[in-house]
>>> print(open('work.tsv').read())   # TSV, C-alpha atoms
chain	number	residue	atom	x	y	z
A	252	MET	CA	-4.87	9.79	1.39
A	253	ASN	CA	-6.05	7.00	-0.88
A	254	MET	CA	-6.15	7.27	-4.61
A	255	ASN	CA	-8.00	3.99	-4.94
A	256	GLU	CA	-10.47	5.30	-7.49
A	257	LYS	CA	-8.82	6.83	-10.51
A	258	GLU	CA	-10.24	7.70	-13.90
A	259	GLY	CA	-8.60	9.72	-16.61
A	260	GLY	CA	-5.29	11.37	-15.88
A	261	VAL	CA	-3.56	14.67	-15.34
A	262	CYS	CA	-4.95	16.93	-18.02
A	263	GLU	CA	-3.94	20.36	-19.20
A	264	GLY	CA	-5.06	23.00	-16.74
A	265	GLY	CA	-5.57	20.60	-13.87
A	266	LEU	CA	-6.52	17.09	-12.74
A	267	ASN	CA	-9.11	15.00	-14.53
A	268	VAL	CA	-9.60	12.14	-12.10
A	269	THR	CA	-11.91	10.66	-9.51
A	270	LEU	CA	-10.28	10.65	-6.09
A	271	THR	CA	-10.87	9.31	-2.62
A	272	ILE	CA	-9.25	11.41	0.10
A	273	ARG	CA	-9.32	10.65	3.83
A	274	LEU	CA	-9.04	13.21	6.61
A	275	LEU	CA	-8.52	12.72	10.32
A	276	MET	CA	-10.67	14.96	12.54
A	277	HIS	CA	-11.36	15.43	16.23
A	278	GLY	CA	-14.92	15.18	17.49
A	279	LYS	CA	-15.39	18.95	17.69
A	280	GLU	CA	-14.27	19.36	14.08
A	281	VAL	CA	-16.62	16.60	12.96
A	282	GLY	CA	-19.48	18.25	14.83
A	283	SER	CA	-18.75	21.49	13.01
A	284	ILE	CA	-18.99	20.02	9.52
A	285	ILE	CA	-22.04	17.90	10.39
A	286	GLY	CA	-23.91	20.89	11.78
A	287	LYS	CA	-27.29	21.00	13.48
A	288	LYS	CA	-29.36	17.97	12.39
A	289	GLY	CA	-26.76	17.30	9.70
A	290	GLU	CA	-27.62	20.47	7.79
A	291	THR	CA	-24.02	21.63	7.20
A	292	VAL	CA	-22.70	18.38	5.75
A	293	LYS	CA	-25.86	18.02	3.64
A	294	LYS	CA	-25.24	21.48	2.18
A	295	MET	CA	-21.58	20.60	1.50
A	296	ARG	CA	-22.60	17.41	-0.30
A	297	GLU	CA	-25.21	19.18	-2.41
A	298	GLU	CA	-23.14	22.25	-3.34
A	299	SER	CA	-19.86	20.44	-3.96
A	300	GLY	CA	-21.27	17.25	-5.48
A	301	ALA	CA	-18.81	15.19	-3.43
A	302	ARG	CA	-19.63	12.10	-1.40
A	303	ILE	CA	-18.70	12.89	2.22
A	304	ASN	CA	-18.79	10.02	4.68
A	305	ILE	CA	-17.91	10.17	8.38
A	306	SER	CA	-16.79	7.06	10.27
A	307	ASP	CA	-18.93	5.82	13.14
A	308	GLY	CA	-17.72	5.15	16.65
A	309	SER	CA	-17.01	6.65	20.03
A	310	SER	CA	-13.40	7.45	19.23
A	311	PRO	CA	-12.10	10.98	19.92
A	312	GLU	CA	-10.91	10.92	16.30
A	313	ARG	CA	-12.99	10.17	13.21
A	314	ILE	CA	-12.14	9.50	9.57
A	315	VAL	CA	-13.87	11.73	7.02
A	316	THR	CA	-13.80	10.28	3.51
A	317	ILE	CA	-14.37	12.55	0.52
A	318	THR	CA	-14.91	10.99	-2.91
A	319	GLY	CA	-15.63	12.52	-6.29
A	320	HIS	CA	-14.23	14.08	-9.43
A	321	SER	CA	-11.14	16.18	-8.73
A	322	GLU	CA	-12.82	19.59	-9.03
A	323	VAL	CA	-15.68	18.37	-6.84
A	324	ILE	CA	-13.17	17.23	-4.22
A	325	PHE	CA	-11.41	20.61	-4.22
A	326	LYS	CA	-14.76	22.40	-3.83
A	327	ALA	CA	-15.56	20.22	-0.80
A	328	PHE	CA	-12.15	20.95	0.69
A	329	ALA	CA	-12.67	24.68	0.19
A	330	MET	CA	-16.05	24.51	1.95
A	331	ILE	CA	-14.63	22.56	4.90
A	332	ALA	CA	-11.69	24.96	5.25
A	333	GLU	CA	-14.04	27.97	5.06
A	334	LYS	CA	-16.28	26.44	7.75
A	335	PHE	CA	-13.28	25.95	10.03
A	336	GLU	CA	-12.22	29.54	9.41
A	337	GLU	CA	-15.72	30.70	10.43
A	338	ASP	CA	-15.33	28.68	13.64
A	339	ILE	CA	-11.99	30.35	14.35
A	340	LEU	CA	-13.41	33.84	13.79
A	341	ALA	CA	-16.41	33.04	16.03
A	342	SER	CA	-14.09	31.86	18.80
A	343	MET	CA	-12.15	35.12	18.63
A	344	ILE	CA	-15.21	37.26	19.41
A	345	ASN	CA	-14.81	38.74	22.92
A	346	SER	CA	-11.37	37.13	23.05
A	347	THR	CA	-8.07	38.79	23.89
A	348	VAL	CA	-6.38	36.95	21.03
A	349	THR	CA	-5.39	39.39	18.30
A	350	SER	CA	-3.69	37.14	15.73
A	351	ARG	CA	-5.90	34.76	13.78
A	352	PRO	CA	-4.78	31.09	13.95
A	353	PRO	CA	-4.55	29.32	10.58
A	354	VAL	CA	-7.05	26.71	9.44
A	355	THR	CA	-5.57	23.24	9.93
A	356	LEU	CA	-6.53	19.97	8.25
A	357	ARG	CA	-4.98	16.52	8.62
A	358	LEU	CA	-4.92	14.21	5.61
A	359	VAL	CA	-4.16	10.50	5.76
A	360	PHE	CA	-2.36	8.54	3.05
A	361	PRO	CA	-0.10	5.48	2.63
A	362	ALA	CA	3.40	5.90	4.05
A	363	SER	CA	4.85	4.45	0.84
A	364	GLN	CA	3.91	7.70	-0.91
A	365	CYS	CA	5.60	9.89	1.69
A	366	GLY	CA	8.94	10.03	-0.03
A	367	SER	CA	7.44	11.42	-3.24
A	368	LEU	CA	5.59	14.12	-1.31
A	369	ILE	CA	8.71	15.16	0.57
A	370	GLY	CA	11.01	14.91	-2.46
A	371	LYS	CA	14.76	14.56	-2.57
A	372	GLY	CA	16.22	16.60	0.26
A	373	GLY	CA	12.75	18.00	0.98
A	374	SER	CA	12.57	19.70	-2.43
A	375	LYS	CA	8.97	18.78	-3.32
A	376	ILE	CA	7.40	19.73	0.01
A	377	LYS	CA	9.37	22.99	-0.05
A	378	GLU	CA	8.04	23.71	-3.54
A	379	ILE	CA	4.44	23.08	-2.40
A	380	ARG	CA	4.87	25.36	0.62
A	381	GLU	CA	6.33	28.18	-1.48
A	382	SER	CA	3.82	27.95	-4.34
A	383	THR	CA	0.68	27.72	-2.16
A	384	GLY	CA	1.61	29.65	0.99
A	385	ALA	CA	0.38	26.74	3.11
A	386	GLN	CA	2.40	25.00	5.78
A	387	VAL	CA	2.78	21.25	5.16
A	388	GLN	CA	4.13	18.73	7.65
A	389	VAL	CA	4.48	14.97	7.16
A	390	ALA	CA	4.34	12.95	10.39
A	391	GLY	CA	7.47	10.95	11.11
A	392	ASP	CA	5.58	8.00	12.63
A	393	LEU	CA	2.95	5.73	11.19
A	394	LEU	CA	-0.56	6.08	12.57
A	395	PRO	CA	-1.23	3.25	15.08
A	396	ASP	CA	-1.87	-0.22	13.64
A	397	SER	CA	-1.61	1.03	10.07
A	398	THR	CA	0.78	1.75	7.23
A	399	GLU	CA	-0.49	5.31	6.86
A	400	ARG	CA	0.87	8.69	7.90
A	401	ALA	CA	-0.83	11.98	8.68
A	402	VAL	CA	-0.04	15.10	6.66
A	403	THR	CA	-0.97	18.36	8.37
A	404	ILE	CA	-1.84	21.36	6.21
A	405	SER	CA	-2.24	24.86	7.68
A	406	GLY	CA	-3.10	28.18	6.09
A	407	THR	CA	-5.97	30.13	4.60
A	408	PRO	CA	-8.83	28.21	2.95
A	409	HIS	CA	-7.49	29.20	-0.49
A	410	ALA	CA	-3.94	28.13	0.38
A	411	ILE	CA	-5.18	24.80	1.74
A	412	THR	CA	-7.23	24.07	-1.39
A	413	GLN	CA	-4.26	24.86	-3.66
A	414	CYS	CA	-2.05	22.71	-1.46
A	415	VAL	CA	-4.44	19.75	-1.74
A	416	LYS	CA	-4.34	20.08	-5.55
A	417	HIS	CA	-0.54	19.85	-5.52
A	418	ILE	CA	-0.58	16.88	-3.15
A	419	CYS	CA	-3.13	15.04	-5.30
A	420	THR	CA	-0.93	15.49	-8.36
A	421	VAL	CA	2.07	14.03	-6.51
A	422	MET	CA	0.05	11.08	-5.20
A	423	LEU	CA	-1.35	10.24	-8.62
A	424	GLU	CA	2.15	10.24	-10.09
A	425	SER	CA	3.40	7.96	-7.28
A	426	PRO	CA	0.80	5.27	-6.45
A	427	PRO	CA	1.06	3.35	-3.14
A	428	LYS	CA	3.44	0.39	-3.07
A	429	GLY	CA	2.24	-2.89	-1.63
A	430	ALA	CA	-0.79	-3.45	0.56
A	431	THR	CA	-2.09	-0.57	2.69
A	432	ILE	CA	-3.34	-1.12	6.23
A	433	PRO	CA	-5.74	1.81	6.75
A	434	TYR	CA	-5.81	3.72	10.01
A	435	ARG	CA	-8.92	3.18	12.11
A	436	PRO	CA	-9.23	5.33	15.25
A	437	LYS	CA	-9.74	3.32	18.43
A	438	PRO	CA	-12.69	3.86	20.78
A	439	THR	CA	-12.03	5.67	24.05
A	440	THR	CA	-12.97	2.59	26.05
A	441	GLY	CA	-9.64	0.96	25.22
A	442	VAL	CA	-9.21	-2.70	24.33
A	443	SER	CA	-12.43	-4.65	24.52
A	444	HIS	CA	-12.70	-8.29	25.49
A	445	SER	CA	-13.57	-9.09	21.88
A	446	VAL	CA	-9.93	-8.51	20.99
A	447	LEU	CA	-9.16	-11.87	22.59
A	448	ALA	CA	-11.31	-14.09	20.42
A	449	GLN	CA	-11.11	-17.86	20.48
A	450	PRO	CA	-8.04	-19.27	18.73
A	451	HIS	CA	-8.26	-20.38	15.13
A	452	ALA	CA	-7.27	-23.90	14.14
A	453	ALA	CA	-4.82	-22.51	11.60
A	454	SER	CA	-1.13	-22.66	10.98
A	455	ALA	CA	0.91	-20.84	13.58
A	456	PHE	CA	4.23	-19.06	13.80
A	457	ALA	CA	6.17	-20.90	16.50
A	458	ILE	CA	8.90	-19.27	18.57
A	459	PRO	CA	11.14	-21.92	20.14
A	460	GLY	CA	10.69	-22.06	23.90
A	461	GLN	CA	7.87	-19.51	23.86
A	462	PHE	CA	4.50	-19.83	22.17
A	463	ALA	CA	2.72	-20.09	18.84
A	464	ILE	CA	0.89	-17.20	17.22
A	465	PRO	CA	-1.89	-18.13	14.78
A	466	ALA	CA	-1.53	-15.93	11.72
A	467	GLN	CA	-5.10	-14.65	12.05
A	468	ASP	CA	-4.36	-13.50	15.59
A	469	LEU	CA	-1.26	-11.48	14.78
A	470	ASN	CA	-3.27	-8.27	14.46
A	471	LYS	CA	-4.76	-8.77	17.93
A	472	LEU	CA	-1.32	-9.37	19.41
A	473	HIS	CA	-0.01	-6.32	17.55
A	474	GLN	CA	-2.73	-4.16	19.11
A	475	LEU	CA	-1.76	-5.35	22.59
A	476	ALA	CA	1.93	-4.82	21.87
A	477	MET	CA	1.43	-1.26	20.64
A	478	GLN	CA	-0.73	-0.31	23.62
A	479	HIS	CA	1.57	-1.98	26.18
A	480	ILE	CA	-1.44	-3.28	28.12
A	481	PRO	CA	-0.78	-6.25	30.46
A	482	LEU	CA	-3.06	-9.08	29.42
A	483	THR	CA	-4.22	-9.59	33.02
A	484	SER	CA	-5.70	-6.10	32.97
A	485	LEU	CA	-8.38	-7.44	30.65
A	486	GLY	CA	-9.82	-9.37	33.60
A	487	GLN	CA	-9.72	-12.78	31.96
A	488	SER	CA	-7.41	-15.62	31.02
A	489	ASN	CA	-5.74	-15.53	27.65
A	490	PRO	CA	-7.00	-18.37	25.46
A	491	THR	CA	-5.79	-16.85	22.21
A	492	PHE	CA	-2.10	-16.73	23.00
A	493	PRO	CA	-1.32	-19.73	25.24
A	494	GLY	CA	1.86	-19.28	27.22
A	495	LEU	CA	2.03	-15.52	26.77
A	496	GLU	CA	3.11	-14.19	30.12
A	497	ALA	CA	0.89	-11.52	31.64
A	498	SER	CA	3.79	-9.19	32.01
A	499	ILE	CA	5.22	-6.26	30.09
A	500	ALA	CA	8.71	-6.63	31.52
A	501	THR	CA	11.29	-5.72	28.90
A	502	SER	CA	13.60	-8.46	27.67
A	503	SER	CA	15.84	-9.12	24.68
A	504	GLN	CA	15.96	-11.85	22.09
A	505	GLU	CA	18.77	-12.51	19.64
A	506	LEU	CA	18.60	-14.10	16.23
A	507	SER	CA	21.06	-14.71	13.42
A	508	VAL	CA	20.32	-13.80	9.82
A	509	PRO	CA	22.40	-15.04	6.87
A	510	ASN	CA	24.38	-12.26	5.20
A	511	ASP	CA	22.64	-12.85	1.87
A	512	LEU	CA	19.23	-12.25	3.49
A	513	ILE	CA	19.97	-9.27	5.70
A	514	GLY	CA	19.41	-6.83	2.86
A	515	CYS	CA	15.82	-7.93	2.34
A	516	ILE	CA	15.16	-7.50	6.06
A	517	ILE	CA	16.65	-4.00	6.15
A	518	GLY	CA	15.06	-2.88	2.88
A	519	ARG	CA	15.91	0.11	0.76
A	520	GLN	CA	17.29	2.88	2.98
A	521	GLY	CA	16.09	0.90	6.01
A	522	SER	CA	12.44	0.99	4.94
A	523	LYS	CA	11.59	-2.63	5.83
A	524	ILE	CA	13.31	-2.78	9.22
A	525	ASN	CA	11.75	0.57	10.17
A	526	GLU	CA	8.34	-0.79	9.20
A	527	ILE	CA	8.92	-3.86	11.39
A	528	ARG	CA	10.00	-1.62	14.30
A	529	GLN	CA	6.88	0.50	13.87
A	530	MET	CA	4.46	-2.42	13.57
A	531	SER	CA	5.91	-4.38	16.51
A	532	GLY	CA	6.86	-1.56	18.89
A	533	ALA	CA	10.17	-3.36	19.53
A	534	GLN	CA	13.69	-1.95	19.40
A	535	ILE	CA	15.69	-3.80	16.75
A	536	LYS	CA	19.46	-3.50	16.40
A	537	ILE	CA	21.47	-5.15	13.61
A	538	ALA	CA	25.14	-5.74	14.36
A	539	GLY	CA	27.75	-4.87	11.78
A	540	ALA	CA	29.26	-7.48	9.49
A	541	THR	CA	32.06	-9.57	11.00
A	542	ASP	CA	34.94	-10.88	8.90
A	543	GLY	CA	34.59	-14.58	8.24
A	544	SER	CA	31.03	-14.76	9.59
A	545	ALA	CA	28.17	-15.89	7.35
A	546	VAL	CA	25.51	-14.30	9.56
A	547	ARG	CA	24.54	-10.97	11.09
A	548	HIS	CA	23.31	-10.81	14.68
A	549	VAL	CA	19.99	-9.06	15.33
A	550	THR	CA	18.88	-8.04	18.84
A	551	ILE	CA	15.17	-7.44	19.51
A	552	THR	CA	14.22	-5.65	22.75
A	553	GLY	CA	10.76	-5.04	24.19
A	554	SER	CA	7.87	-6.76	25.93
A	555	PRO	CA	7.17	-10.42	25.07
A	556	ALA	CA	4.40	-9.25	22.73
A	557	ASN	CA	6.69	-6.68	21.04
A	558	ILE	CA	9.39	-9.31	20.49
A	559	SER	CA	6.93	-11.89	19.20
A	560	VAL	CA	5.41	-9.55	16.63
A	561	ALA	CA	8.88	-8.47	15.46
A	562	GLN	CA	9.99	-12.09	15.09
A	563	TYR	CA	6.81	-12.93	13.20
A	564	LEU	CA	7.30	-10.04	10.78
A	565	ILE	CA	10.98	-10.84	10.21
A	566	SER	CA	10.10	-14.50	9.58
A	567	ALA	CA	7.30	-13.54	7.20
A	568	ARG	CA	9.66	-11.23	5.33
A	569	ARG	CA	12.24	-13.99	5.03
A	570	LYS	CA	9.66	-16.52	3.78
A	571	LYS	CA	8.48	-14.07	1.12
A	572	VAL	CA	12.02	-13.63	-0.18
A	573	THR	CA	13.12	-17.29	0.09
A	574	ARG	CA	9.95	-18.86	-1.28
A	575	ALA	CA	11.57	-19.29	-4.66
A	576	SER	CA	15.14	-19.62	-3.42
A	577	LYS	CA	17.35	-22.43	-2.15
A	578	HIS	CA	17.17	-21.34	1.52
A	579	ASP	CA	15.25	-23.57	3.88
A	580	ASP	CA	13.38	-22.82	7.10
A	581	LYS	CA	16.63	-22.91	9.07
A	582	SER	CA	17.82	-19.67	7.56
A	583	PHE	CA	17.02	-17.84	10.80
A	584	ILE	CA	18.30	-19.06	14.13
A	585	PHE	CA	16.48	-17.72	17.18
A	586	GLY	CA	18.80	-17.52	20.18
>>> encode(input="work.tsv", output="structure tokens")
Amino acid sequence: MNMNEKEGGVCEGGLNVTLTIRLLMHGKEVGSIIGKKGETVKKMREESGARINISDGSSPERIVTITGHSEVIFKAFAMIAEKFEEDILASMINSTVTSRPPVTLRLVFPASQCGSLIGKGGSKIKEIRESTGAQVQVAGDLLPDSTERAVTISGTPHAITQCVKHICTVMLESPPKGATIPYRPKPTTGVSHSVLAQPHAASAFAIPGQFAIPAQDLNKLHQLAMQHIPLTSLGQSNPTFPGLEASIATSSQELSVPNDLIGCIIGRQGSKINEIRQMSGAQIKIAGATDGSAVRHVTITGSPANISVAQYLISARRKKVTRASKHDDKSFIFG
């Protein structure tokens, strides 16, 4: 969920804001809300007053973006939930199923807001479940190539609408932290040849004894790392990442991090190191502190691409922290 557009505040009796909320839907669900010749989504737009946009593409998943004043948004949500309930009832005709499945929607919002939605010890999410009657689940993993998570809401259309109101209130009180990389569903055709564009003549992150990664190409390498696709399977040479072996054999790389920098790499409650693990797809283990040692040993395990992305992200994190400090570029020693 993105609260990028906000006007007003939380007013007495409800929200007084303009919101942008993103949902993740399968093709069949999208087809249901579009309707024949687009009649259903047109009716939803007209009756709710919300702007409803559906992402293009051949992906099995699509992003549905709903924008408008808070009450307009909730009306659109109610209409979508009611349409899905109609679909469920229609599917039960001449069926042996006796219990009606709940309506289920998946919302998408920045992972940095997850903690506020869950609350200390799960208190906030428990409160939302009990007050609305809806089931709410926050995904443990980030959506691929993004810093967003999916939140699944199940229940009756009324319960879902009430649940969305509660979630919006929480999100407005706890804005996203840092930059958000939005989730974009991938096409079913897999990685296209366009992923491997020609290299840019830009500064590169160099890994001793391995290869350089131009900063602009990190996202492409990250996509390959997360999908574990051998580069040779693309049917061409690899001009973008010279020296990158066409192999996904797992290996390990060690590096040493000064004690006074390890905290910024780990982050609060492990938030930064978990983000690096998620973005790179690598396993990262940090050894405990050793008496008399000025460094902590970090072991990165994965494919060459996994390791490279992890090293890049750790280096970038270090540079951000040491930019205004006395530490030089030798703060990290790659073994």
>>> residues_near_point(input="work.tsv", point="(-2.0, 30.3, -3.0)", cutoff="7 Å", atoms="all atoms listed in the file", output="list of chain:residue names")
A:Ser382, A:Thr383, A:Gly384, A:His409, A:Ala410, A:Gln413
>>> residues_near_point(input="work.tsv", point="(-1.7, 23.0, 2.4)", cutoff="6 Å", atoms="all atoms listed in the file", output="MDAnalysis selection string")
chainID A and resid 385:387 404:405 410:411 414:415
>>> atom_distance(input="work.tsv", atom1="atom CA of A:Arg296", atom2="atom CA of A:Pro353")
24.2 Å
>>> residues_around(input="work.tsv", residues="A:Phe335", least_positions_apart="5", cutoff="8 Å", atoms="all atoms listed in the file", output="ChimeraX atom specification")
/A:280,283,354
>>> atom_distance(input="work.tsv", atom1="atom CA of A:Pro436", atom2="atom CA of A:Glu312")
5.9 Å
>>> closest_residue(input="work.tsv", among="A:Ala301, A:Ile418, A:Leu564, A:Val402", to="A:Met330", atoms="all atoms listed in the file")
A:Ala301
>>> residues_around(input="work.tsv", residues="A:Pro408", least_positions_apart="5", cutoff="8 Å", atoms="all atoms listed in the file", output="JSON, numbers by chain")
{"A": [329, 332, 333, 336, 354]}
>>> write_last_selection(input="work.tsv", atoms="C-alpha atoms", output="mmCIF file, in the frame of the given file")
data_model
loop_
_atom_site.group_PDB
_atom_site.id
_atom_site.type_symbol
_atom_site.label_atom_id
_atom_site.label_comp_id
_atom_site.auth_asym_id
_atom_site.auth_seq_id
_atom_site.Cartn_x
_atom_site.Cartn_y
_atom_site.Cartn_z
ATOM 1 C CA ALA A 329 -12.670 24.680 0.190
ATOM 2 C CA ALA A 332 -11.690 24.960 5.250
ATOM 3 C CA GLU A 333 -14.040 27.970 5.060
ATOM 4 C CA GLU A 336 -12.220 29.540 9.410
ATOM 5 C CA VAL A 354 -7.050 26.710 9.440
#
>>> atom_distance(input="work.tsv", atom1="atom CA of A:Ser309", atom2="atom CA of A:Ala430")
27.3 Å
>>> closest_residue(input="work.tsv", among="A:Asn525, A:Thr550, A:Ser559, A:Thr318", to="A:Ile305", atoms="all atoms listed in the file")
A:Thr318
>>> closest_residue(input="work.tsv", among="A:His548, A:Lys523, A:Lys536, A:Lys375", to="A:Val508", atoms="only C-alpha atoms")
A:His548
>>> closest_atom_pairs(input="work.tsv", of="stretch 334-394 of chain A", to="stretch 516-522 of chain A", cutoff="12 Å", atoms="only C-alpha atoms", output="JSON lines")
{"residue": "A:Ala362", "atom": "CA", "partner": "A:Ser522", "partner_atom": "CA", "distance": 10.3}
{"residue": "A:Ser363", "atom": "CA", "partner": "A:Ser522", "partner_atom": "CA", "distance": 9.3}
{"residue": "A:Cys365", "atom": "CA", "partner": "A:Ser522", "partner_atom": "CA", "distance": 11.7}
{"residue": "A:Gly366", "atom": "CA", "partner": "A:Ser522", "partner_atom": "CA", "distance": 10.9}
>>> write_last_selection(input="work.tsv", atoms="C-alpha atoms", output="PDB file, keeping the file's coordinate frame")
ATOM      1  CA  ALA A 362       3.400   5.900   4.050  1.00  0.00           C
ATOM      2  CA  SER A 363       4.850   4.450   0.840  1.00  0.00           C
ATOM      3  CA  CYS A 365       5.600   9.890   1.690  1.00  0.00           C
ATOM      4  CA  GLY A 366       8.940  10.030  -0.030  1.00  0.00           C
TER       5      GLY A 366
END
>>> closest_residue(input="work.tsv", among="A:Gly370, A:Pro395, A:Pro509, A:Gly532", to="A:Met422", atoms="only C-alpha atoms")
A:Gly370
>>> residues_around(input="work.tsv", residues="A:Lys294", least_positions_apart="3", cutoff="12 Å", atoms="only C-alpha atoms", output="PDB file with C-alpha atoms, keeping the file's coordinate frame")
ATOM      1  CA  ILE A 284     -18.990  20.020   9.520  1.00  0.00           C
ATOM      2  CA  ILE A 285     -22.040  17.900  10.390  1.00  0.00           C
ATOM      3  CA  GLY A 286     -23.910  20.890  11.780  1.00  0.00           C
ATOM      4  CA  LYS A 287     -27.290  21.000  13.480  1.00  0.00           C
ATOM      5  CA  LYS A 288     -29.360  17.970  12.390  1.00  0.00           C
ATOM      6  CA  GLY A 289     -26.760  17.300   9.700  1.00  0.00           C
ATOM      7  CA  GLU A 290     -27.620  20.470   7.790  1.00  0.00           C
ATOM      8  CA  THR A 291     -24.020  21.630   7.200  1.00  0.00           C
ATOM      9  CA  GLU A 297     -25.210  19.180  -2.410  1.00  0.00           C
ATOM     10  CA  GLU A 298     -23.140  22.250  -3.340  1.00  0.00           C
ATOM     11  CA  SER A 299     -19.860  20.440  -3.960  1.00  0.00           C
ATOM     12  CA  GLY A 300     -21.270  17.250  -5.480  1.00  0.00           C
ATOM     13  CA  ALA A 301     -18.810  15.190  -3.430  1.00  0.00           C
ATOM     14  CA  ARG A 302     -19.630  12.100  -1.400  1.00  0.00           C
ATOM     15  CA  ILE A 303     -18.700  12.890   2.220  1.00  0.00           C
ATOM     16  CA  ALA A 327     -15.560  20.220  -0.800  1.00  0.00           C
ATOM     17  CA  MET A 330     -16.050  24.510   1.950  1.00  0.00           C
ATOM     18  CA  ILE A 331     -14.630  22.560   4.900  1.00  0.00           C
ATOM     19  CA  LYS A 334     -16.280  26.440   7.750  1.00  0.00           C
TER      20      LYS A 334
END
>>> residues_around(input="work.tsv", residues="A:Ile551", least_positions_apart="4", cutoff="6 Å", atoms="all atoms listed in the file", output="PyMOL selection string")
chain A and resi 503-504+534-535
>>> write_last_selection(input="work.tsv", atoms="C-alpha atoms", output="short mmCIF file (atom, residue, chain, number, x, y, z; two decimals), in the frame of the given file")
data_model
loop_
_atom_site.label_atom_id
_atom_site.label_comp_id
_atom_site.auth_asym_id
_atom_site.auth_seq_id
_atom_site.Cartn_x
_atom_site.Cartn_y
_atom_site.Cartn_z
CA SER A 503 15.84 -9.12 24.68
CA GLN A 504 15.96 -11.85 22.09
CA GLN A 534 13.69 -1.95 19.40
CA ILE A 535 15.69 -3.80 16.75
#
>>> closest_residue(input="work.tsv", among="A:Cys515, A:Met276, A:Val292, A:Leu340", to="A:Pro311", atoms="all atoms listed in the file")
A:Met276
>>> residues_around(input="work.tsv", residues="A:Ser397", least_positions_apart="2", cutoff="10 Å", atoms="all atoms listed in the file", output="PyMOL selection string")
chain A and resi 361-362+393-395+399-400+431-435+529-530
>>> write_last_selection(input="work.tsv", atoms="C-alpha atoms", output="PDB file, keeping the file's coordinate frame")
ATOM      1  CA  PRO A 361      -0.100   5.480   2.630  1.00  0.00           C
ATOM      2  CA  ALA A 362       3.400   5.900   4.050  1.00  0.00           C
ATOM      3  CA  LEU A 393       2.950   5.730  11.190  1.00  0.00           C
ATOM      4  CA  LEU A 394      -0.560   6.080  12.570  1.00  0.00           C
ATOM      5  CA  PRO A 395      -1.230   3.250  15.080  1.00  0.00           C
ATOM      6  CA  GLU A 399      -0.490   5.310   6.860  1.00  0.00           C
ATOM      7  CA  ARG A 400       0.870   8.690   7.900  1.00  0.00           C
ATOM      8  CA  THR A 431      -2.090  -0.570   2.690  1.00  0.00           C
ATOM      9  CA  ILE A 432      -3.340  -1.120   6.230  1.00  0.00           C
ATOM     10  CA  PRO A 433      -5.740   1.810   6.750  1.00  0.00           C
ATOM     11  CA  TYR A 434      -5.810   3.720  10.010  1.00  0.00           C
ATOM     12  CA  ARG A 435      -8.920   3.180  12.110  1.00  0.00           C
ATOM     13  CA  GLN A 529       6.880   0.500  13.870  1.00  0.00           C
ATOM     14  CA  MET A 530       4.460  -2.420  13.570  1.00  0.00           C
TER      15      MET A 530
END
